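Reproduced below: input_16.txt, with compact mmCIF, C-alpha atoms.
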# COMPACT_ATOMS: atom_id res chain seq x y z
CA MET A 16 138.72 99.49 124.52
CA LEU A 17 140.14 97.39 127.33
CA ASP A 18 141.12 99.70 130.20
CA ILE A 19 143.40 98.08 132.77
CA ARG A 20 144.50 99.61 136.08
CA LEU A 21 147.18 97.31 137.46
CA PHE A 22 148.41 97.50 141.04
CA ARG A 23 152.13 98.17 141.18
CA PHE A 24 154.37 98.29 144.22
CA ASP A 25 157.93 97.38 145.09
CA SER A 26 158.57 97.49 148.83
CA ASN A 27 162.29 97.98 148.21
CA ILE A 28 161.95 101.26 146.30
CA ASP A 29 158.38 102.59 146.46
CA PHE A 30 156.93 104.74 149.23
CA THR A 31 153.41 103.94 148.17
CA SER A 32 151.53 101.78 145.70
CA TYR A 33 149.94 103.01 142.48
CA TYR A 34 147.79 101.72 139.64
CA LYS A 35 149.50 101.70 136.27
CA PRO A 36 147.22 102.06 133.22
CA TYR A 37 147.34 99.74 130.23
CA PHE A 38 145.08 100.03 127.20
CA TYR A 39 144.19 97.53 124.47
CA GLU A 40 142.15 98.39 121.41
CA ASN A 41 142.52 94.90 119.96
CA PHE A 42 142.92 91.88 122.20
CA ASP A 43 142.25 88.16 122.19
CA PHE A 44 143.30 86.77 125.57
CA ASN A 45 142.19 83.29 126.51
CA THR A 46 142.70 83.73 130.25
CA LEU A 47 143.58 86.40 132.78
CA ARG A 48 147.04 84.86 132.99
CA ALA A 49 147.48 85.46 129.25
CA LEU A 50 146.76 89.16 129.77
CA LEU A 51 149.28 89.40 132.61
CA ASN A 52 151.88 87.55 130.54
CA ASP A 53 151.35 90.06 127.74
CA ILE A 54 151.84 92.95 130.15
CA LYS A 55 155.01 91.35 131.51
CA SER A 56 156.41 90.87 128.00
CA ASP A 57 156.44 94.67 127.62
CA ASP A 58 157.16 95.43 131.25
CA PRO A 59 159.72 92.96 132.62
CA TYR A 60 159.73 94.59 136.06
CA PHE A 61 156.15 93.50 136.66
CA GLU A 62 156.01 90.35 138.82
CA PHE A 63 153.30 87.79 139.46
CA ASP A 64 155.23 84.50 139.43
CA GLY A 65 153.67 81.95 141.77
CA VAL A 66 150.40 83.88 141.95
CA LYS A 67 147.25 81.81 141.34
CA PHE A 68 144.55 84.32 142.31
CA CYS A 69 144.16 88.07 142.38
CA LYS A 70 141.31 90.57 142.65
CA ILE A 71 139.48 92.27 139.81
CA ASN A 72 137.25 95.15 140.86
CA ASP A 73 137.39 93.81 144.43
CA VAL A 74 136.35 90.26 143.43
CA VAL A 75 138.67 87.26 143.78
CA VAL A 76 139.46 85.74 140.38
CA SER A 77 141.64 82.83 139.31
CA LEU A 78 144.45 83.68 136.89
CA ASP A 79 143.23 80.75 134.81
CA GLU A 80 139.69 82.15 134.52
CA LYS A 81 138.47 82.50 130.93
CA PHE A 82 138.90 86.09 129.82
CA ASP A 83 135.52 86.25 128.10
CA VAL A 84 133.89 85.29 131.42
CA ILE A 85 135.78 88.13 133.09
CA LEU A 86 134.55 90.59 130.47
CA GLN A 87 130.96 89.37 130.88
CA ASN A 88 131.12 89.99 134.62
CA PHE A 89 133.17 93.17 134.82
CA GLY A 90 133.08 94.84 131.42
CA GLU A 91 136.23 96.33 129.87
CA CYS A 92 137.37 98.47 132.82
CA LEU A 93 139.41 96.25 135.13
CA LYS A 94 141.22 97.17 138.32
CA ILE A 95 143.63 94.32 139.04
CA GLU A 96 145.35 93.97 142.40
CA PRO A 97 146.74 91.32 144.78
CA LEU A 98 144.51 89.47 147.23
CA SER A 99 145.95 91.73 149.92
CA THR A 100 147.16 95.20 148.97
CA TYR A 101 148.12 95.85 152.60
CA TYR A 102 150.61 92.96 152.66
CA ALA A 103 151.78 93.34 149.05
CA TYR A 104 155.53 93.52 148.59
CA LYS A 105 155.92 93.23 144.81
CA ASP A 106 153.01 93.88 142.46
CA LEU A 107 150.57 90.92 142.73
CA LYS A 108 152.78 89.09 145.25
CA PHE A 109 152.01 89.52 148.95
CA SER A 110 153.06 88.16 152.32
CA THR A 111 150.88 85.40 153.80
CA GLU A 112 151.60 86.62 157.32
CA GLU A 113 147.99 87.63 158.01
CA PHE A 114 146.57 84.39 156.62
CA ASP A 115 149.05 82.28 158.60
CA LYS A 116 148.17 84.15 161.80
CA LYS A 117 144.51 83.22 161.33
CA PHE A 118 145.59 79.58 161.59
CA GLU A 119 146.53 80.01 165.26
CA ILE A 120 142.95 79.23 166.26
CA PHE A 121 143.51 75.77 164.70
CA SER A 122 146.88 75.20 166.41
CA ALA A 123 145.72 71.78 167.69
CA PHE A 124 145.58 70.70 164.04
CA ASN A 125 148.98 71.91 162.87
CA TYR A 126 149.45 68.71 160.90
CA GLU A 127 146.64 69.82 158.54
CA LYS A 128 148.23 73.18 157.65
CA SER A 129 148.96 72.05 154.09
CA TYR A 130 145.23 71.75 153.34
CA TYR A 131 144.51 75.06 155.07
CA ASP A 132 147.04 76.74 152.76
CA THR A 133 145.04 75.70 149.68
CA LEU A 134 142.19 77.94 150.91
CA ILE A 135 144.14 81.21 150.92
CA SER A 136 142.19 82.77 148.04
CA LEU A 137 138.90 82.21 149.88
CA SER A 138 140.27 83.97 152.94
CA TYR A 139 140.32 87.25 150.98
CA ALA A 140 136.85 86.88 149.46
CA SER A 141 135.16 88.86 152.25
CA ASP A 142 135.76 92.28 153.78
CA MET A 143 134.63 91.06 157.17
CA GLN A 144 138.10 90.10 158.36
CA LYS A 145 139.37 93.63 157.68
CA TYR A 146 137.08 94.84 160.45
CA VAL A 147 136.74 91.86 162.80
CA ASP A 148 140.17 90.96 164.16
CA ASP A 149 139.08 87.60 165.56
CA PHE A 150 137.26 86.45 162.43
CA PHE A 151 139.06 83.46 160.90
CA GLY A 152 137.89 84.25 157.35
CA LEU A 153 135.63 82.33 155.00
CA SER A 154 138.42 79.79 154.57
CA GLY A 155 137.92 78.87 158.22
CA PHE A 156 134.41 77.52 157.58
CA VAL A 157 135.62 75.22 154.79
CA PHE A 158 138.54 74.10 156.95
CA VAL A 159 136.22 73.32 159.87
CA LYS A 160 134.04 71.11 157.67
CA TYR A 161 137.17 69.36 156.43
CA LEU A 162 138.25 68.69 160.02
CA LEU A 163 134.81 67.44 161.05
CA GLU A 164 134.77 64.94 158.21
CA LYS A 165 138.34 63.79 158.84
CA PHE A 166 138.24 63.73 162.66
CA PRO A 167 134.65 62.98 163.76
CA SER A 168 135.85 61.92 167.20
CA LYS A 169 137.03 65.52 167.80
CA LYS A 170 133.66 67.02 166.86
CA ASP A 171 133.13 68.98 170.09
CA GLU A 172 136.61 70.49 170.01
CA ILE A 173 136.19 71.57 166.39
CA LEU A 174 132.69 73.00 166.88
CA ASN A 175 133.88 75.08 169.82
CA ILE A 176 136.22 76.83 167.40
CA VAL A 177 133.54 77.77 164.90
CA LYS A 178 130.56 78.69 167.12
CA ALA A 179 131.57 82.31 167.74
CA GLN A 180 132.45 82.77 164.06
CA MET A 181 129.04 81.92 162.61
CA PRO A 182 127.47 85.45 162.63
CA TYR A 183 130.32 86.82 160.50
CA PHE A 184 129.75 84.69 157.43
CA THR A 185 129.14 86.58 154.18
CA HIS A 186 128.60 85.54 150.59
CA PRO A 187 132.06 84.98 149.01
CA ASN A 188 133.06 87.83 146.72
CA PHE A 189 134.63 85.31 144.35
CA LEU A 190 134.09 84.72 140.64
CA ASN A 191 133.22 81.03 140.11
CA GLU A 192 134.15 80.17 143.67
CA PRO A 193 135.33 76.52 143.73
CA PHE A 194 134.99 75.64 147.44
CA GLU A 195 131.17 75.42 147.79
CA THR A 196 131.47 77.76 150.75
CA GLU A 197 127.78 78.56 151.05
CA LYS A 198 126.87 74.86 151.10
CA THR A 199 129.53 74.38 153.77
CA TYR A 200 128.02 77.17 155.85
CA ASP A 201 124.52 75.68 155.51
CA PHE A 202 125.97 72.34 156.66
CA LEU A 203 127.50 73.98 159.73
CA CYS A 204 124.27 75.84 160.51
CA ARG A 205 122.40 72.55 160.59
CA PHE A 206 125.16 70.91 162.60
CA LEU A 207 125.09 73.68 165.23
CA ALA A 208 121.35 74.42 165.02
CA PHE A 209 122.40 77.99 164.23
CA ARG A 210 119.85 80.29 162.61
CA PRO A 211 121.64 82.21 159.86
CA TYR A 212 120.86 85.78 158.91
CA LYS A 213 118.04 85.92 156.38
CA TYR A 214 117.54 88.82 154.01
CA LYS A 215 114.09 90.42 153.76
CA LYS A 216 113.49 91.02 150.08
CA ILE A 217 111.24 94.04 149.65
CA SER A 218 109.68 93.51 146.25
CA GLN A 219 109.69 91.28 143.22
CA ILE A 220 109.98 92.74 139.74
CA PRO A 221 106.54 92.79 138.07
CA ALA A 222 106.67 90.92 134.78
CA ASP A 223 104.45 93.40 132.94
CA PHE A 224 105.58 96.61 134.64
CA THR A 225 105.58 99.68 132.39
CA PRO A 226 106.81 102.93 133.97
CA LYS A 227 105.05 106.23 133.50
CA HIS A 228 108.32 108.07 134.02
CA ASN A 229 111.86 107.40 132.96
CA PHE A 230 114.90 108.63 134.84
CA LYS A 231 117.41 109.21 132.08
CA ASP A 232 119.12 112.03 134.00
CA PHE A 233 119.88 109.87 137.05
CA ASN A 234 122.75 107.57 137.92
CA VAL A 235 121.79 104.72 140.22
CA ALA A 236 123.94 102.35 142.27
CA VAL A 237 122.24 99.03 142.96
CA TYR A 238 123.14 97.08 146.09
CA GLY A 239 122.37 93.48 146.95
CA ASP A 240 120.22 92.53 143.96
CA ASP A 241 120.76 92.26 140.22
CA LEU A 242 118.26 94.71 138.79
CA SER A 243 120.43 95.83 135.89
CA ASN A 244 118.24 94.39 133.10
CA PHE A 245 115.08 95.76 134.67
CA LEU A 246 116.59 99.23 135.09
CA LYS A 247 117.15 99.53 131.35
CA ILE A 248 113.47 100.34 130.84
CA PHE A 249 113.95 103.48 132.95
CA ALA A 250 116.92 104.70 130.87
CA LEU A 251 118.89 104.87 134.13
CA LYS A 252 122.64 104.64 134.16
CA ASN A 253 123.55 101.71 136.40
CA VAL A 254 126.69 102.79 138.25
CA LYS A 255 129.07 99.95 139.06
CA PHE A 256 130.99 100.33 142.30
CA ASP A 257 133.55 98.08 143.98
CA ALA A 258 131.60 97.62 147.23
CA GLN A 259 128.33 96.57 145.60
CA ASN A 260 128.95 92.99 146.76
CA SER A 261 130.52 93.86 150.12
CA PRO A 262 128.57 93.10 153.31
CA SER A 263 126.24 95.88 154.42
CA GLY A 264 126.81 95.20 158.10
CA ALA A 265 123.12 94.52 158.69
CA GLN A 266 123.76 90.83 159.43
CA ILE A 267 125.96 91.65 162.45
CA PHE A 268 124.22 94.82 163.66
CA ASN A 269 122.89 93.09 166.77
CA VAL A 270 126.22 91.35 167.40
CA ASN A 271 128.66 94.18 166.81
CA LYS A 272 127.10 97.55 165.95
CA GLU A 273 130.46 99.35 165.64
CA ILE A 274 131.73 96.96 162.97
CA ALA A 275 128.33 97.04 161.24
CA ILE A 276 128.58 100.82 160.87
CA LYS A 277 132.09 100.51 159.44
CA LEU A 278 130.92 97.98 156.83
CA ALA A 279 127.90 100.09 155.89
CA SER A 280 130.12 103.15 155.56
CA LYS A 281 132.30 101.45 152.97
CA VAL A 282 129.29 100.56 150.80
CA LEU A 283 127.49 103.87 151.12
CA PHE A 284 130.48 106.11 150.43
CA ASP A 285 131.78 103.92 147.62
CA ALA A 286 128.41 104.28 145.86
CA PHE A 287 128.50 108.03 146.47
CA ASP A 288 132.11 108.41 145.29
CA SER A 289 131.33 106.41 142.14
CA GLY A 290 128.99 109.15 140.96
CA ALA A 291 125.60 107.69 141.85
CA ASP A 292 122.69 110.00 142.63
CA PHE A 293 121.15 107.42 144.93
CA LEU A 294 121.54 103.86 146.20
CA LEU A 295 118.77 101.37 145.37
CA VAL A 296 118.29 98.46 147.77
CA ASN A 297 115.87 95.54 147.79
CA ASP A 298 116.32 94.36 151.36
CA GLU A 299 114.60 95.91 154.37
CA ARG A 300 117.54 95.48 156.76
CA ASP A 301 120.01 96.92 154.26
CA PHE A 302 117.82 100.01 154.00
CA GLU A 303 117.57 100.25 157.78
CA ILE A 304 121.33 100.42 158.20
CA PHE A 305 122.16 102.59 155.17
CA ASP A 306 119.45 105.18 155.77
CA GLY A 307 118.45 104.64 159.39
CA CYS A 308 122.06 104.77 160.59
CA SER A 309 123.25 107.34 158.03
CA LYS A 310 123.99 109.90 160.75
CA GLU A 311 126.29 107.44 162.54
CA ILE A 312 127.85 106.40 159.22
CA LYS A 313 128.66 110.03 158.38
CA ARG A 314 130.04 110.61 161.86
CA PHE A 315 132.28 107.55 161.62
CA SER A 316 133.60 108.58 158.19
CA ASN A 317 133.78 112.27 159.10
CA ARG A 318 132.13 113.00 155.75
CA ASP A 319 128.78 114.19 154.47
CA LEU A 320 126.53 112.81 151.70
CA PRO A 321 125.23 115.96 149.97
CA ASN A 322 122.14 115.32 147.80
CA PHE A 323 122.62 111.56 148.13
CA TYR A 324 119.94 109.20 149.44
CA VAL A 325 118.79 105.59 149.62
CA LEU A 326 115.63 104.23 148.00
CA LYS A 327 113.87 100.95 148.61
CA PHE A 328 112.89 99.12 145.46
CA ASP A 329 109.15 99.32 146.15
CA GLU A 330 109.47 103.08 146.62
CA PHE A 331 111.24 103.37 143.31
CA LEU A 332 108.52 101.38 141.55
CA ALA A 333 105.88 103.64 143.08
CA LEU A 334 107.71 106.77 141.91
CA ALA A 335 108.02 105.29 138.43
CA SER A 336 104.26 104.73 138.47
CA GLY A 337 103.62 108.38 139.28
CA GLU A 338 102.93 107.85 142.99
CA LYS A 339 104.66 109.41 145.98
CA PRO A 340 105.13 106.86 148.77
CA ALA A 341 104.36 108.21 152.23
CA SER A 342 107.45 106.38 153.53
CA LEU A 343 109.72 108.94 151.85
CA GLU A 344 108.87 111.38 154.63
CA ASN A 345 110.57 109.07 157.12
CA HIS A 346 113.92 108.88 155.29
CA LYS A 347 116.92 110.22 157.18
CA LEU A 348 118.64 111.10 153.89
CA LYS A 349 116.26 113.46 152.10
CA VAL A 350 114.99 112.10 148.78
CA THR A 351 115.38 114.65 145.97
CA LEU A 352 114.21 112.46 143.09
CA ILE A 353 110.79 114.15 143.19
As a first step, turn the structure in this file into structure tokens.
Amino acid sequence: MLDIRLFRFDSNIDFTSYYKPYFYENFDFNTLRALLNDIKSDDPYFEFDGVKFCKINDVVVSLDEKFDVILQNFGECLKIEPLSTYYAYKDLKFSTEEFDKKFEIFSAFNYEKSYYDTLISLSYASDMQKYVDDFFGLSGFVFVKYLLEKFPSKKDEILNIVKAQMPYFTHPNFLNEPFETEKTYDFLCRFLAFRPYKYKKISQIPADFTPKHNFKDFNVAVYGDDLSNFLKIFALKNVKFDAQNSPSGAQIFNVNKEIAIKLASKVLFDAFDSGADFLLVNDERDFEIFDGCSKEIKRFSNRDLPNFYVLKFDEFLALASGEKPASLENHKLKVTLI
């Protein structure tokens, strides 16, 4: 059954937003737009005219995306909302005030605003700008490359705009992202001789691994790596959570620790609130911030994490093999799997 939770809000009459449920037992939608048109046919007060992109389960998606692709990526439980819920004024429609304000850093290039406007969906494909006021958004990187190619004589002026922004880049949380943002960022890194943040993968999945133990009674949230197929052999329930593709904060820990803790808090508590028994990570720095800074994360959120912990992938493999890694003794969040 298709389970839809659709963001609804009318700034003229509503005090707060809400998510209205819609259910389909039989459906054959070609695109996301077709689904929304079907909802509007039965609910004429729902509005999304002029909208080209929205978010599904916290990921930016085009309204013209094939619906079978959406189902493959998100399953049949879809939370649909505008690119910005904070600036929403009528259902999926929202004010571009925040996006337009980010353009102020490019005020010397006002005559290129029309191209900048085409990048609005990309601007909301990262949580970083929610926490870093001066961050110009992922759209800013693509716009900078556009300016460099169009105005090579103004290279120094353009590069001065982007230099301080480089540490805040994150992978776009965007289904079939059309702007080649990561290639653009690599281009800018080479241009500026900037060394980007590199993840430290902990362990590869052994091709012939056979566990001695299964974990059928556990729910696991996986962050930063697609281990879903591998986890099936453990009979684990892989808990999906909205922040599983959000930045951990590790990449800016040495630049802005306060913001890093805020980002990590969102991921850790979203996994916890989604019903996971533990969070599984496959990157050393992600583990360091989630577990090593868990006390600061709890203090920031003014919440606790009872019976919840973080495991590194190599530790999990060892436990599945019947071994008890000595590193478990050093965890800040006590491991109760054993």
Of A:Ile135, A:Ala291, A:Cys308, A:Ile71, the one sitting nearest Lys252 in chain A when using all atoms listed in the file is A:Ala291
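Relative to CA of Lys108 in chain A, CA of Gln144 in chain A is found at 19.7 Å.
Picture a line from CA of Phe121 in chain A to CA of Tyr146 in chain A; it runs 20.6 Å.
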Nearest to Lys160 in chain A, restricted to all atoms listed in the file and choosing among A:Leu51, A:Ile312, A:Val66, A:Leu174, comes out as A:Leu174
Near Glu197 in chain A, counting only C-alpha atoms, which residues have an atom at most 12 Å away, once you skip same-chain residues fewer than 3 positions from it, shown as a PDB file with C-alpha atoms, keeping the file's coordinate frame?
ATOM      1  CA  LEU A 137     138.900  82.210 149.880  1.00  0.00           C
ATOM      2  CA  LEU A 153     135.630  82.330 155.000  1.00  0.00           C
ATOM      3  CA  SER A 154     138.420  79.790 154.570  1.00  0.00           C
ATOM      4  CA  PHE A 156     134.410  77.520 157.580  1.00  0.00           C
ATOM      5  CA  VAL A 157     135.620  75.220 154.790  1.00  0.00           C
ATOM      6  CA  LYS A 160     134.040  71.110 157.670  1.00  0.00           C
ATOM      7  CA  PHE A 184     129.750  84.690 157.430  1.00  0.00           C
ATOM      8  CA  THR A 185     129.140  86.580 154.180  1.00  0.00           C
ATOM      9  CA  HIS A 186     128.600  85.540 150.590  1.00  0.00           C
ATOM     10  CA  PRO A 187     132.060  84.980 149.010  1.00  0.00           C
ATOM     11  CA  ASN A 188     133.060  87.830 146.720  1.00  0.00           C
ATOM     12  CA  PHE A 189     134.630  85.310 144.350  1.00  0.00           C
ATOM     13  CA  GLU A 192     134.150  80.170 143.670  1.00  0.00           C
ATOM     14  CA  PRO A 193     135.330  76.520 143.730  1.00  0.00           C
ATOM     15  CA  PHE A 194     134.990  75.640 147.440  1.00  0.00           C
ATOM     16  CA  TYR A 200     128.020  77.170 155.850  1.00  0.00           C
ATOM     17  CA  ASP A 201     124.520  75.680 155.510  1.00  0.00           C
ATOM     18  CA  PHE A 202     125.970  72.340 156.660  1.00  0.00           C
ATOM     19  CA  LEU A 203     127.500  73.980 159.730  1.00  0.00           C
ATOM     20  CA  CYS A 204     124.270  75.840 160.510  1.00  0.00           C
ATOM     21  CA  PRO A 211     121.640  82.210 159.860  1.00  0.00           C
TER      22      PRO A 211
END
With distances taken over all atoms listed in the file, the candidate from A:Glu80, A:Asp106, A:Asp57, A:Glu303 nearest Ser32 in chain A is A:Asp106
